[in-house]
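Okay, structure33.pdb now, which holds PDB, C-alpha atoms and all ligand atoms:
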ATOM      1  CA  GLN A   1     100.494 -84.453  29.139
ATOM      2  CA  ALA A   2      99.509 -80.931  28.160
ATOM      3  CA  ALA A   3     102.937 -80.393  26.625
ATOM      4  CA  GLN A   4     102.618 -83.650  24.688
ATOM      5  CA  PHE A   5      99.251 -82.629  23.278
ATOM      6  CA  ARG A   6     100.747 -79.270  22.313
ATOM      7  CA  ALA A   7     103.515 -81.028  20.444
ATOM      8  CA  GLU A   8     100.868 -82.984  18.507
ATOM      9  CA  ARG A   9      98.873 -79.953  17.425
ATOM     10  CA  ASN A  10     100.220 -79.971  13.891
ATOM     11  CA  LEU A  11      99.590 -83.666  13.346
ATOM     12  CA  PRO A  12      96.597 -84.222  11.080
ATOM     13  CA  SER A  13      93.472 -85.719  12.639
ATOM     14  CA  ILE A  14      93.382 -88.696  10.296
ATOM     15  CA  THR A  15      92.582 -92.243  11.329
ATOM     16  CA  ARG A  16      94.910 -95.178  10.711
ATOM     17  CA  ASP A  17      92.812 -96.156   7.703
ATOM     18  CA  GLY A  18      93.027 -92.661   6.230
ATOM     19  CA  VAL A  19      89.718 -91.063   7.229
ATOM     20  CA  ARG A  20      90.006 -87.341   7.919
ATOM     21  CA  ILE A  21      88.013 -86.137  10.915
ATOM     22  CA  GLN A  22      87.568 -82.388  11.142
ATOM     23  CA  LEU A  23      87.975 -80.969  14.629
ATOM     24  CA  PHE A  24      86.395 -77.612  15.354
ATOM     25  CA  ILE A  25      86.214 -75.814  18.669
ATOM     26  CA  ASN A  26      83.259 -74.434  20.592
ATOM     27  CA  ALA A  27      83.835 -70.802  21.542
ATOM     28  CA  GLY A  28      81.971 -67.823  22.914
ATOM     29  CA  LEU A  29      84.569 -65.275  23.993
ATOM     30  CA  GLN A  30      87.226 -63.428  22.086
ATOM     31  CA  ALA A  31      89.793 -65.160  24.307
ATOM     32  CA  ASP A  32      88.665 -68.583  23.086
ATOM     33  CA  MET A  33      89.821 -67.726  19.584
ATOM     34  CA  ALA A  34      93.489 -68.014  20.541
ATOM     35  CA  HIS A  35      92.919 -71.767  20.856
ATOM     36  CA  LEU A  36      92.474 -72.087  17.100
ATOM     37  CA  ASP A  37      96.176 -71.691  16.400
ATOM     38  CA  ALA A  38      97.351 -73.177  19.674
ATOM     39  CA  LEU A  39      95.455 -76.396  18.965
ATOM     40  CA  GLY A  40      95.644 -76.496  15.197
ATOM     41  CA  ALA A  41      91.846 -76.726  15.023
ATOM     42  CA  ASP A  42      89.917 -76.565  11.737
ATOM     43  CA  GLY A  43      87.698 -73.666  12.783
ATOM     44  CA  VAL A  44      84.881 -72.817  15.161
ATOM     45  CA  GLY A  45      81.928 -75.181  14.824
ATOM     46  CA  LEU A  46      79.837 -73.380  17.410
ATOM     47  CA  PHE A  47      80.262 -69.760  18.424
ATOM     48  CA  ARG A  48      77.813 -69.093  21.258
ATOM     49  CA  THR A  49      76.907 -65.433  20.796
ATOM     50  CA  GLU A  50      74.922 -65.113  24.009
ATOM     51  CA  PHE A  51      77.955 -64.500  26.252
ATOM     52  CA  GLN A  52      78.411 -60.958  24.989
ATOM     53  CA  PHE A  53      74.786 -60.304  25.870
ATOM     54  CA  MET A  54      74.911 -62.046  29.245
ATOM     55  CA  VAL A  55      77.792 -59.956  30.572
ATOM     56  CA  SER A  56      76.277 -56.684  29.420
ATOM     57  CA  ALA A  57      73.883 -54.665  31.592
ATOM     58  CA  THR A  58      72.190 -53.227  28.544
ATOM     59  CA  LEU A  59      71.524 -54.582  25.098
ATOM     60  CA  PRO A  60      74.876 -54.453  23.236
ATOM     61  CA  ARG A  61      74.652 -51.831  20.518
ATOM     62  CA  LEU A  62      74.838 -52.776  16.887
ATOM     63  CA  GLU A  63      78.358 -51.335  16.580
ATOM     64  CA  ALA A  64      79.585 -53.263  19.612
ATOM     65  CA  GLN A  65      78.178 -56.511  18.256
ATOM     66  CA  GLN A  66      79.671 -55.866  14.838
ATOM     67  CA  GLU A  67      83.097 -55.099  16.231
ATOM     68  CA  PHE A  68      83.044 -58.216  18.395
ATOM     69  CA  TYR A  69      82.129 -60.484  15.463
ATOM     70  CA  LYS A  70      84.668 -58.803  13.199
ATOM     71  CA  ASN A  71      87.453 -59.468  15.690
ATOM     72  CA  VAL A  72      86.416 -63.107  15.897
ATOM     73  CA  LEU A  73      86.520 -63.474  12.115
ATOM     74  CA  ASP A  74      89.836 -61.645  11.908
ATOM     75  CA  VAL A  75      91.475 -64.060  14.330
ATOM     76  CA  ALA A  76      89.987 -67.042  12.474
ATOM     77  CA  GLN A  77      91.889 -65.941   9.349
ATOM     78  CA  GLY A  78      89.578 -67.628   6.899
ATOM     79  CA  ARG A  79      88.923 -70.767   8.911
ATOM     80  CA  PRO A  80      85.174 -71.372   9.160
ATOM     81  CA  VAL A  81      83.285 -69.905  12.108
ATOM     82  CA  VAL A  82      79.663 -70.877  12.704
ATOM     83  CA  PHE A  83      77.839 -68.192  14.669
ATOM     84  CA  ARG A  84      74.800 -69.373  16.529
ATOM     85  CA  THR A  85      72.202 -66.640  16.955
ATOM     86  CA  LEU A  86      71.158 -65.751  20.479
ATOM     87  CA  ASP A  87      70.246 -68.646  22.736
ATOM     88  CA  ILE A  88      68.981 -66.657  25.707
ATOM     89  CA  GLY A  89      66.201 -67.343  28.146
ATOM     90  CA  GLY A  90      65.885 -70.628  29.945
ATOM     91  CA  ASP A  91      69.014 -71.009  32.053
ATOM     92  CA  LYS A  92      70.792 -68.181  30.211
ATOM     93  CA  ALA A  93      69.445 -65.013  31.769
ATOM     94  CA  VAL A  94      70.152 -61.581  30.304
ATOM     95  CA  PRO A  95      69.635 -58.420  32.316
ATOM     96  CA  PHE A  96      67.625 -56.546  29.715
ATOM     97  CA  LEU A  97      64.877 -59.099  29.086
ATOM     98  CA  PRO A  98      62.164 -59.470  31.683
ATOM     99  CA  ARG A  99      62.512 -62.804  33.364
ATOM    100  CA  GLU A 100      59.306 -64.646  33.853
ATOM    101  CA  ASP A 101      58.956 -67.480  36.277
ATOM    102  CA  GLU A 102      58.589 -70.585  34.216
ATOM    103  CA  GLU A 103      58.032 -74.089  35.454
ATOM    104  CA  ASN A 104      60.291 -75.543  32.774
ATOM    105  CA  PRO A 105      62.711 -72.854  31.604
ATOM    106  CA  ALA A 106      64.699 -75.246  29.388
ATOM    107  CA  MET A 107      61.497 -75.924  27.515
ATOM    108  CA  GLY A 108      60.225 -72.429  27.875
ATOM    109  CA  TRP A 109      60.518 -69.013  26.324
ATOM    110  CA  ARG A 110      64.056 -69.167  24.984
ATOM    111  CA  ALA A 111      66.300 -69.046  21.940
ATOM    112  CA  ILE A 112      64.547 -68.933  18.561
ATOM    113  CA  ARG A 113      61.198 -68.688  20.318
ATOM    114  CA  ILE A 114      62.163 -65.286  21.694
ATOM    115  CA  ALA A 115      63.864 -64.308  18.447
ATOM    116  CA  LEU A 116      60.775 -64.923  16.320
ATOM    117  CA  GLU A 117      58.577 -63.057  18.737
ATOM    118  CA  ARG A 118      61.033 -60.163  19.042
ATOM    119  CA  PRO A 119      62.443 -60.164  15.525
ATOM    120  CA  VAL A 120      64.164 -56.811  15.984
ATOM    121  CA  LEU A 121      66.681 -58.461  18.305
ATOM    122  CA  LEU A 122      67.457 -61.118  15.706
ATOM    123  CA  ARG A 123      67.514 -58.643  12.828
ATOM    124  CA  TYR A 124      70.023 -56.432  14.587
ATOM    125  CA  GLN A 125      72.220 -59.367  15.412
ATOM    126  CA  LEU A 126      72.116 -60.561  11.805
ATOM    127  CA  ARG A 127      72.859 -57.057  10.610
ATOM    128  CA  ALA A 128      75.905 -56.906  12.872
ATOM    129  CA  LEU A 129      77.085 -60.324  11.705
ATOM    130  CA  MET A 130      76.645 -59.467   8.023
ATOM    131  CA  ALA A 131      78.475 -56.185   8.345
ATOM    132  CA  ALA A 132      81.277 -57.883  10.279
ATOM    133  CA  ALA A 133      81.634 -60.550   7.600
ATOM    134  CA  ALA A 134      81.759 -58.087   4.670
ATOM    135  CA  GLY A 135      83.640 -59.709   1.822
ATOM    136  CA  ARG A 136      83.917 -63.044   3.661
ATOM    137  CA  THR A 137      81.818 -66.133   4.196
ATOM    138  CA  LEU A 138      79.259 -65.853   6.986
ATOM    139  CA  SER A 139      77.865 -69.037   8.546
ATOM    140  CA  ILE A 140      74.946 -68.747  10.924
ATOM    141  CA  MET A 141      72.691 -71.244  12.635
ATOM    142  CA  PHE A 142      69.634 -71.022  14.822
ATOM    143  CA  PRO A 143      69.160 -72.553  18.291
ATOM    144  CA  MET A 144      66.238 -74.714  19.482
ATOM    145  CA  ILE A 145      64.512 -75.121  16.135
ATOM    146  CA  ALA A 146      61.677 -77.591  16.796
ATOM    147  CA  ASP A 147      59.669 -77.135  13.667
ATOM    148  CA  MET A 148      60.308 -76.465   9.982
ATOM    149  CA  SER A 149      58.193 -73.332  10.106
ATOM    150  CA  GLU A 150      60.567 -71.849  12.685
ATOM    151  CA  PHE A 151      63.583 -72.524  10.507
ATOM    152  CA  LYS A 152      61.840 -71.047   7.482
ATOM    153  CA  ALA A 153      60.816 -67.939   9.412
ATOM    154  CA  ALA A 154      64.311 -67.386  10.828
ATOM    155  CA  ARG A 155      65.920 -68.034   7.446
ATOM    156  CA  ASN A 156      63.560 -65.555   5.797
ATOM    157  CA  ILE A 157      64.553 -62.897   8.312
ATOM    158  CA  ALA A 158      68.202 -63.519   7.431
ATOM    159  CA  LEU A 159      67.549 -63.403   3.681
ATOM    160  CA  LYS A 160      65.557 -60.183   4.092
ATOM    161  CA  GLU A 161      68.413 -58.657   6.025
ATOM    162  CA  LEU A 162      70.843 -59.643   3.291
ATOM    163  CA  ALA A 163      68.510 -58.141   0.699
ATOM    164  CA  ARG A 164      68.598 -54.887   2.651
ATOM    165  CA  PHE A 165      72.405 -54.814   2.326
ATOM    166  CA  GLU A 166      72.040 -55.391  -1.408
ATOM    167  CA  ARG A 167      69.388 -52.727  -1.808
ATOM    168  CA  LEU A 168      71.419 -50.142   0.066
ATOM    169  CA  ASP A 169      74.579 -51.386  -1.599
ATOM    170  CA  ILE A 170      76.459 -51.843   1.686
ATOM    171  CA  ALA A 171      79.474 -54.137   1.927
ATOM    172  CA  ARG A 172      78.088 -57.613   2.709
ATOM    173  CA  PRO A 173      79.228 -61.220   3.075
ATOM    174  CA  ALA A 174      80.638 -62.782  -0.077
ATOM    175  CA  LYS A 175      78.653 -65.882   0.843
ATOM    176  CA  LEU A 176      75.954 -66.635   3.400
ATOM    177  CA  GLU A 177      75.482 -70.153   4.758
ATOM    178  CA  ILE A 178      72.404 -70.815   6.878
ATOM    179  CA  GLY A 179      72.150 -73.929   9.002
ATOM    180  CA  THR A 180      70.397 -75.139  12.065
ATOM    181  CA  MET A 181      71.086 -76.713  15.386
ATOM    182  CA  LEU A 182      69.379 -80.059  15.706
ATOM    183  CA  GLU A 183      68.755 -80.154  19.450
ATOM    184  CA  VAL A 184      65.028 -80.741  19.682
ATOM    185  CA  PRO A 185      64.068 -84.314  18.796
ATOM    186  CA  SER A 186      61.000 -83.331  16.741
ATOM    187  CA  LEU A 187      63.247 -81.805  14.080
ATOM    188  CA  ALA A 188      64.677 -85.229  13.300
ATOM    189  CA  TRP A 189      61.305 -86.221  11.887
ATOM    190  CA  GLN A 190      61.303 -83.263   9.500
ATOM    191  CA  LEU A 191      64.607 -84.018   7.838
ATOM    192  CA  ASP A 192      63.226 -84.394   4.312
ATOM    193  CA  PRO A 193      62.039 -80.797   3.971
ATOM    194  CA  LEU A 194      64.740 -79.484   6.302
ATOM    195  CA  LEU A 195      67.671 -80.929   4.376
ATOM    196  CA  LYS A 196      66.404 -79.321   1.180
ATOM    197  CA  LEU A 197      66.699 -75.902   2.789
ATOM    198  CA  VAL A 198      69.719 -75.959   5.113
ATOM    199  CA  ASP A 199      73.365 -75.514   4.201
ATOM    200  CA  PHE A 200      74.473 -77.548   7.224
ATOM    201  CA  VAL A 201      73.234 -79.218  10.392
ATOM    202  CA  SER A 202      74.810 -79.176  13.840
ATOM    203  CA  ILE A 203      73.686 -81.794  16.335
ATOM    204  CA  GLY A 204      73.586 -80.312  19.841
ATOM    205  CA  THR A 205      73.557 -83.366  22.056
ATOM    206  CA  ASN A 206      73.442 -81.369  25.304
ATOM    207  CA  ASP A 207      69.879 -80.288  24.709
ATOM    208  CA  LEU A 208      68.966 -83.056  22.275
ATOM    209  CA  MET A 209      69.649 -85.779  24.806
ATOM    210  CA  GLN A 210      68.023 -83.905  27.673
ATOM    211  CA  PHE A 211      64.823 -83.837  25.641
ATOM    212  CA  PHE A 212      65.315 -87.304  24.154
ATOM    213  CA  PHE A 213      65.486 -88.920  27.592
ATOM    214  CA  ALA A 214      63.386 -86.223  29.321
ATOM    215  CA  SER A 215      66.301 -85.831  31.703
ATOM    216  CA  ASP A 216      67.492 -82.428  32.950
ATOM    217  CA  ARG A 217      71.029 -81.799  31.658
ATOM    218  CA  SER A 218      71.959 -79.773  34.741
ATOM    219  CA  ASN A 219      70.664 -82.036  37.482
ATOM    220  CA  PRO A 220      73.647 -83.944  38.936
ATOM    221  CA  ARG A 221      71.360 -86.689  40.214
ATOM    222  CA  LEU A 222      70.511 -87.566  36.627
ATOM    223  CA  THR A 223      73.940 -87.223  35.028
ATOM    224  CA  ASP A 224      74.648 -90.940  34.952
ATOM    225  CA  ARG A 225      71.113 -92.188  34.695
ATOM    226  CA  TYR A 226      70.882 -92.451  30.898
ATOM    227  CA  ASP A 227      74.022 -93.337  29.048
ATOM    228  CA  LEU A 228      74.473 -91.602  25.718
ATOM    229  CA  LEU A 229      76.449 -94.665  24.679
ATOM    230  CA  SER A 230      73.239 -96.657  24.564
ATOM    231  CA  PRO A 231      71.394 -98.150  21.593
ATOM    232  CA  PRO A 232      68.532 -95.610  21.504
ATOM    233  CA  ALA A 233      70.779 -92.558  21.652
ATOM    234  CA  LEU A 234      73.316 -93.932  19.203
ATOM    235  CA  SER A 235      70.764 -95.141  16.671
ATOM    236  CA  PHE A 236      68.999 -91.792  16.831
ATOM    237  CA  ILE A 237      72.227 -89.943  16.087
ATOM    238  CA  ARG A 238      73.059 -92.406  13.337
ATOM    239  CA  MET A 239      69.689 -91.855  11.681
ATOM    240  CA  VAL A 240      70.326 -88.109  11.542
ATOM    241  CA  VAL A 241      73.888 -88.470  10.271
ATOM    242  CA  LYS A 242      72.906 -90.930   7.530
ATOM    243  CA  ALA A 243      70.061 -88.687   6.351
ATOM    244  CA  CYS A 244      72.441 -85.721   6.143
ATOM    245  CA  ASP A 245      75.002 -87.815   4.250
ATOM    246  CA  ARG A 246      72.393 -89.012   1.772
ATOM    247  CA  ALA A 247      71.308 -85.420   1.164
ATOM    248  CA  GLY A 248      74.903 -84.214   0.871
ATOM    249  CA  VAL A 249      74.444 -81.804   3.779
ATOM    250  CA  PRO A 250      77.471 -81.359   6.078
ATOM    251  CA  VAL A 251      76.703 -82.475   9.616
ATOM    252  CA  THR A 252      78.683 -81.628  12.738
ATOM    253  CA  LEU A 253      78.132 -82.670  16.329
ATOM    254  CA  CYS A 254      78.724 -79.830  18.776
ATOM    255  CA  GLY A 255      77.574 -81.170  22.167
ATOM    256  CA  GLU A 256      79.940 -81.924  25.049
ATOM    257  CA  MET A 257      79.634 -85.598  24.189
ATOM    258  CA  GLY A 258      81.989 -85.180  21.231
ATOM    259  CA  GLY A 259      84.822 -84.006  23.472
ATOM    260  CA  ARG A 260      85.101 -87.254  25.413
ATOM    261  CA  PRO A 261      87.419 -89.637  23.572
ATOM    262  CA  LEU A 262      85.311 -92.779  24.088
ATOM    263  CA  GLU A 263      82.134 -90.997  23.002
ATOM    264  CA  ALA A 264      83.959 -89.364  20.088
ATOM    265  CA  MET A 265      85.155 -92.798  19.005
ATOM    266  CA  ALA A 266      81.586 -94.114  19.017
ATOM    267  CA  LEU A 267      80.347 -91.080  17.078
ATOM    268  CA  ILE A 268      82.960 -91.584  14.382
ATOM    269  CA  GLY A 269      81.850 -95.204  14.243
ATOM    270  CA  LEU A 270      78.323 -93.937  13.553
ATOM    271  CA  GLY A 271      79.556 -91.912  10.590
ATOM    272  CA  LEU A 272      80.320 -88.470  11.982
ATOM    273  CA  ARG A 273      83.326 -86.807  10.375
ATOM    274  CA  ARG A 274      83.085 -83.356  11.956
ATOM    275  CA  LEU A 275      83.144 -82.687  15.685
ATOM    276  CA  SER A 276      83.004 -79.318  17.409
ATOM    277  CA  ILE A 277      84.349 -79.670  20.914
ATOM    278  CA  SER A 278      85.612 -77.646  23.811
ATOM    279  CA  PRO A 279      89.216 -76.541  23.272
ATOM    280  CA  MET A 280      90.749 -78.536  26.106
ATOM    281  CA  THR A 281      89.452 -81.786  24.618
ATOM    282  CA  VAL A 282      90.995 -81.366  21.161
ATOM    283  CA  GLY A 283      94.337 -82.953  22.119
ATOM    284  CA  PRO A 284      92.912 -86.155  23.618
ATOM    285  CA  VAL A 285      90.313 -86.559  20.846
ATOM    286  CA  ARG A 286      92.908 -86.060  18.117
ATOM    287  CA  ARG A 287      95.161 -88.657  19.701
ATOM    288  CA  MET A 288      92.278 -91.147  19.800
ATOM    289  CA  ILE A 289      91.493 -90.467  16.134
ATOM    290  CA  ARG A 290      95.084 -91.108  15.075
ATOM    291  CA  SER A 291      95.035 -94.573  16.579
ATOM    292  CA  LEU A 292      91.605 -95.555  15.241
ATOM    293  CA  ASN A 293      90.609 -97.859  12.398
ATOM    294  CA  VAL A 294      87.188 -96.569  11.331
ATOM    295  CA  LYS A 295      86.084 -99.456   9.124
ATOM    296  CA  GLN A 296      86.682-101.998  11.852
ATOM    297  CA  LEU A 297      84.915 -99.841  14.451
ATOM    298  CA  GLU A 298      81.919 -99.246  12.165
ATOM    299  CA  ASP A 299      81.318-102.983  11.785
ATOM    300  CA  TYR A 300      81.615-103.439  15.527
ATOM    301  CA  ILE A 301      79.191-100.639  16.431
ATOM    302  CA  LEU A 302      76.579-101.584  13.859
ATOM    303  CA  ASP A 303      76.546-105.091  15.297
ATOM    304  CA  MET A 304      75.736-103.689  18.731
ATOM    305  CA  ILE A 305      73.315-100.927  17.990
ATOM    306  CA  ASP A 306      70.236-103.164  18.224
ATOM    307  CA  LEU A 307      71.170-104.777  21.519
ATOM    308  CA  GLU A 308      68.856-104.268  24.443
ATOM    309  CA  ASP A 309      71.681-103.071  26.703
ATOM    310  CA  HIS A 310      71.113 -99.963  28.783
ATOM    311  CA  SER A 311      74.720 -99.021  28.131
ATOM    312  CA  LEU A 312      77.378-100.089  25.648
ATOM    313  CA  ARG A 313      80.047 -98.249  27.582
ATOM    314  CA  VAL A 314      81.880-101.270  28.928
ATOM    315  CA  LYS A 315      81.930-102.957  25.527
ATOM    316  CA  LEU A 316      83.185 -99.809  23.832
ATOM    317  CA  ARG A 317      85.800 -99.293  26.518
ATOM    318  CA  ASP A 318      87.039-102.841  26.003
ATOM    319  CA  TYR A 319      87.104-102.236  22.275
ATOM    320  CA  ALA A 320      89.125 -99.062  22.779
ATOM    321  CA  ARG A 321      91.539-100.859  25.075
ATOM    322  CA  ASP A 322      92.102-103.660  22.573
ATOM    323  CA  HIS A 323      92.183-101.625  19.367
ATOM    324  CA  LEU A 324      93.521 -98.127  20.020
TER     325      LEU A 324
HETATM  326  C1  LIG B 401      73.748 -78.251  22.822
HETATM  327  O1  LIG B 401      72.616 -78.061  23.266
HETATM  328  O2  LIG B 401      74.205 -79.401  22.609
HETATM  329  C2  LIG B 401      74.664 -77.145  22.543
HETATM  330  C3  LIG B 401      75.809 -77.353  21.933
HETATM  331  O3  LIG B 401      74.311 -75.879  22.900
HETATM  332  P1  LIG B 401      74.295 -75.315  24.407
HETATM  333  O4  LIG B 401      75.155 -76.237  25.216
HETATM  334  O5  LIG B 401      74.797 -73.932  24.293
HETATM  335  O6  LIG B 401      72.849 -75.394  24.766
HETATM  336 MG    MG B 402      71.616 -76.192  23.227
END
Could you render the structure from this file as structure tokens?
Ligand code: PEP
Ligand code: MG
Amino acid sequence: QAAQFRAERNLPSITRDGVRIQLFINAGLQADMAHLDALGADGVGLFRTEFQFMVSATLPRLEAQQEFYKNVLDVAQGRPVVFRTLDIGGDKAVPFLPREDEENPAMGWRAIRIALERPVLLRYQLRALMAAAAGRTLSIMFPMIADMSEFKAARNIALKELARFERLDIARPAKLEIGTMLEVPSLAWQLDPLLKLVDFVSIGTNDLMQFFFASDRSNPRLTDRYDLLSPPALSFIRMVVKACDRAGVPVTLCGEMGGRPLEAMALIGLGLRRLSISPMTVGPVRRMIRSLNVKQLEDYILDMIDLEDHSLRVKLRDYARDHL
């Protein structure tokens, strides 16, 4: 199987009715970058920057961060890489930040909440990213944005940092794209102002769905309790995708959901055209895409999305069996 998927890596991820689906990988280590060529992926849709910080006993110095990001961009050879700024705290502990006992760490002091309170950390990371991307395009996004004001504040920090490069006349990115993760449900009700300000949106279903269903993503007892292939989850995702399409803002889905072929099929049926998935799932998802007829699937899914079913999994599985 693995050898077969390897042989298919240069086949385009285009559906039978000619719809191109872009497949990006999720990465976080330098070693992950080798998958780009090996899989024929379109780029990195989510680069989780926290790993470098989690394995380090002390705060990685500016130079170390810069060198790390530069290597990542070098290996990407011009393919897009979306760096997510630090998503630490919660379940992602780092040795150099005091860890407070929190009753709900996933909903606690983490990610952009830390970054806005300790802006030096974010500023240094942005500085390292901008220096690393000198002369190239730099794409960044922020984790756990719940409120427009947080996105604006984080974006302003990035723009200020860029202005510093200009003022000092230091080599800087040829282009800066600033987007956001959409992984806190409240943000989906601020799309009008948000979509005027972002360059792209990335739907993080791992956190989004844990908060949507109020169901801990890491508790095995709850894993199968709420099916993401259910009308509420799917219509929520569809609402976000349609709003992004209407505004002409590129939207990617970067949660684990997108790496499962049946789920990926449903997501494409909802209108998604860009998935960022873990490297080992690229082969199976690409194969599914190449046997799919999007128009037919779209009609089928839209007919079902208002049903009262707890899960559409069996119906979608039957559809896949009969049509792929
Ligand atoms: C997500 O929440 O869906 C996501 C992609 O980010 P992480 O898994 O790193 O929280
Ligand atoms: Mg997340």
When the PyMOL selection byres (((chain A and resi 132) around 9) and not hetatm) is applied to the file above, which residues end up in the set, as an mmCIF file with C-alpha atoms, keeping the file's coordinate frame?
data_model
loop_
_atom_site.group_PDB
_atom_site.id
_atom_site.type_symbol
_atom_site.label_atom_id
_atom_site.label_comp_id
_atom_site.auth_asym_id
_atom_site.auth_seq_id
_atom_site.Cartn_x
_atom_site.Cartn_y
_atom_site.Cartn_z
ATOM 1 C CA GLN A 65 78.178 -56.511 18.256
ATOM 2 C CA GLN A 66 79.671 -55.866 14.838
ATOM 3 C CA GLU A 67 83.097 -55.099 16.231
ATOM 4 C CA PHE A 68 83.044 -58.216 18.395
ATOM 5 C CA TYR A 69 82.129 -60.484 15.463
ATOM 6 C CA LYS A 70 84.668 -58.803 13.199
ATOM 7 C CA ASN A 71 87.453 -59.468 15.690
ATOM 8 C CA LEU A 73 86.520 -63.474 12.115
ATOM 9 C CA ARG A 127 72.859 -57.057 10.610
ATOM 10 C CA ALA A 128 75.905 -56.906 12.872
ATOM 11 C CA LEU A 129 77.085 -60.324 11.705
ATOM 12 C CA MET A 130 76.645 -59.467 8.023
ATOM 13 C CA ALA A 131 78.475 -56.185 8.345
ATOM 14 C CA ALA A 133 81.634 -60.550 7.600
ATOM 15 C CA ALA A 134 81.759 -58.087 4.670
ATOM 16 C CA GLY A 135 83.640 -59.709 1.822
ATOM 17 C CA ARG A 136 83.917 -63.044 3.661
ATOM 18 C CA LEU A 138 79.259 -65.853 6.986
ATOM 19 C CA ARG A 172 78.088 -57.613 2.709
ATOM 20 C CA PRO A 173 79.228 -61.220 3.075
#
With 8 Å added on each side, what axis-aligned box encloses every listed atom of range 73-82 of chain A? Give the centre and edge lengths in Å to one decimal, as JSON.
{"center_x": 85.8, "center_y": -66.5, "center_z": 10.6, "size_x": 28.2, "size_y": 25.7, "size_z": 23.4}
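If one restricts the calculation to all atoms listed in the file, the set of residues situated within 7 Å of ligand LIG 401 (chain B) consists of A:Arg48, A:Glu183, A:Ile203, A:Gly204, A:Thr205, A:Asn206, A:Asp207, A:Leu208, A:Cys254, A:Gly255, A:Glu256.
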TODO: Evaluate the PyMOL selection byres (((not hetatm)) within 12 of (chain B and resi 402)) and record the selected residues as an NGL selection string, following the chain and residue labels used in the document.
DONE: :A and (46-48 or 50 or 84-92 or 106-107 or 110-112 or 141-146 or 180-185 or 202-211 or 217 or 253-256)
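Of the residues listed (A:Arg155, A:Arg274, A:Lys196, A:Arg238), A:Arg274 shows the shortest atom-to-atom separation from Arg286 in chain A; distances use only C-alpha atoms.
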Open item on the list: I'd like the residues picked by the PyMOL selection byres (((chain A and resi 279) around 7) and not hetatm) written out as a ChimeraX atom specification, using the chain letters and numbers from the file.
Closed with: /A:25-26,35,277-278,280-282
Save range 239-281 of chain A to disk from that block, C-alpha atoms included, as an mmCIF file, in the first residue's frame.
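Result went into selection31.cif, see below:
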data_model
loop_
_atom_site.group_PDB
_atom_site.id
_atom_site.type_symbol
_atom_site.label_atom_id
_atom_site.label_comp_id
_atom_site.auth_asym_id
_atom_site.auth_seq_id
_atom_site.Cartn_x
_atom_site.Cartn_y
_atom_site.Cartn_z
ATOM 1 C CA MET A 239 -21.335 28.347 7.056
ATOM 2 C CA VAL A 240 -17.711 29.348 7.623
ATOM 3 C CA VAL A 241 -16.531 28.085 4.240
ATOM 4 C CA LYS A 242 -19.331 29.845 2.347
ATOM 5 C CA ALA A 243 -18.659 33.137 4.144
ATOM 6 C CA CYS A 244 -14.963 32.907 3.252
ATOM 7 C CA ASP A 245 -15.814 32.100 -0.375
ATOM 8 C CA ARG A 246 -18.192 35.044 -0.615
ATOM 9 C CA ALA A 247 -15.497 37.344 0.763
ATOM 10 C CA GLY A 248 -12.841 35.871 -1.527
ATOM 11 C CA VAL A 249 -10.715 34.812 1.444
ATOM 12 C CA PRO A 250 -8.836 31.500 1.060
ATOM 13 C CA VAL A 251 -9.960 28.959 3.635
ATOM 14 C CA THR A 252 -8.137 25.788 4.635
ATOM 15 C CA LEU A 253 -9.096 23.106 7.120
ATOM 16 C CA CYS A 254 -6.147 21.919 9.191
ATOM 17 C CA GLY A 255 -7.650 19.633 11.862
ATOM 18 C CA GLU A 256 -7.101 15.870 11.970
ATOM 19 C CA MET A 257 -10.573 15.437 10.527
ATOM 20 C CA GLY A 258 -9.334 16.387 7.058
ATOM 21 C CA GLY A 259 -6.892 13.478 6.981
ATOM 22 C CA ARG A 260 -9.557 10.782 7.148
ATOM 23 C CA PRO A 261 -10.771 9.979 3.637
ATOM 24 C CA LEU A 262 -14.483 9.763 4.501
ATOM 25 C CA GLU A 263 -14.364 13.023 6.452
ATOM 26 C CA ALA A 264 -12.270 14.661 3.728
ATOM 27 C CA MET A 265 -14.877 13.598 1.184
ATOM 28 C CA ALA A 266 -17.636 15.224 3.236
ATOM 29 C CA LEU A 267 -15.589 18.408 3.661
ATOM 30 C CA ILE A 268 -15.044 18.701 -0.077
ATOM 31 C CA GLY A 269 -18.782 18.223 -0.472
ATOM 32 C CA LEU A 270 -19.255 21.220 1.833
ATOM 33 C CA GLY A 271 -17.075 23.374 -0.406
ATOM 34 C CA LEU A 272 -13.574 23.069 1.016
ATOM 35 C CA ARG A 273 -10.851 23.064 -1.625
ATOM 36 C CA ARG A 274 -7.777 23.209 0.611
ATOM 37 C CA LEU A 275 -6.927 20.650 3.272
ATOM 38 C CA SER A 276 -3.873 20.603 5.510
ATOM 39 C CA ILE A 277 -3.379 17.113 6.850
ATOM 40 C CA SER A 278 -0.835 14.925 8.529
ATOM 41 C CA PRO A 279 1.719 13.594 6.037
ATOM 42 C CA MET A 280 0.787 9.932 6.318
ATOM 43 C CA THR A 281 -2.785 10.685 5.250
#
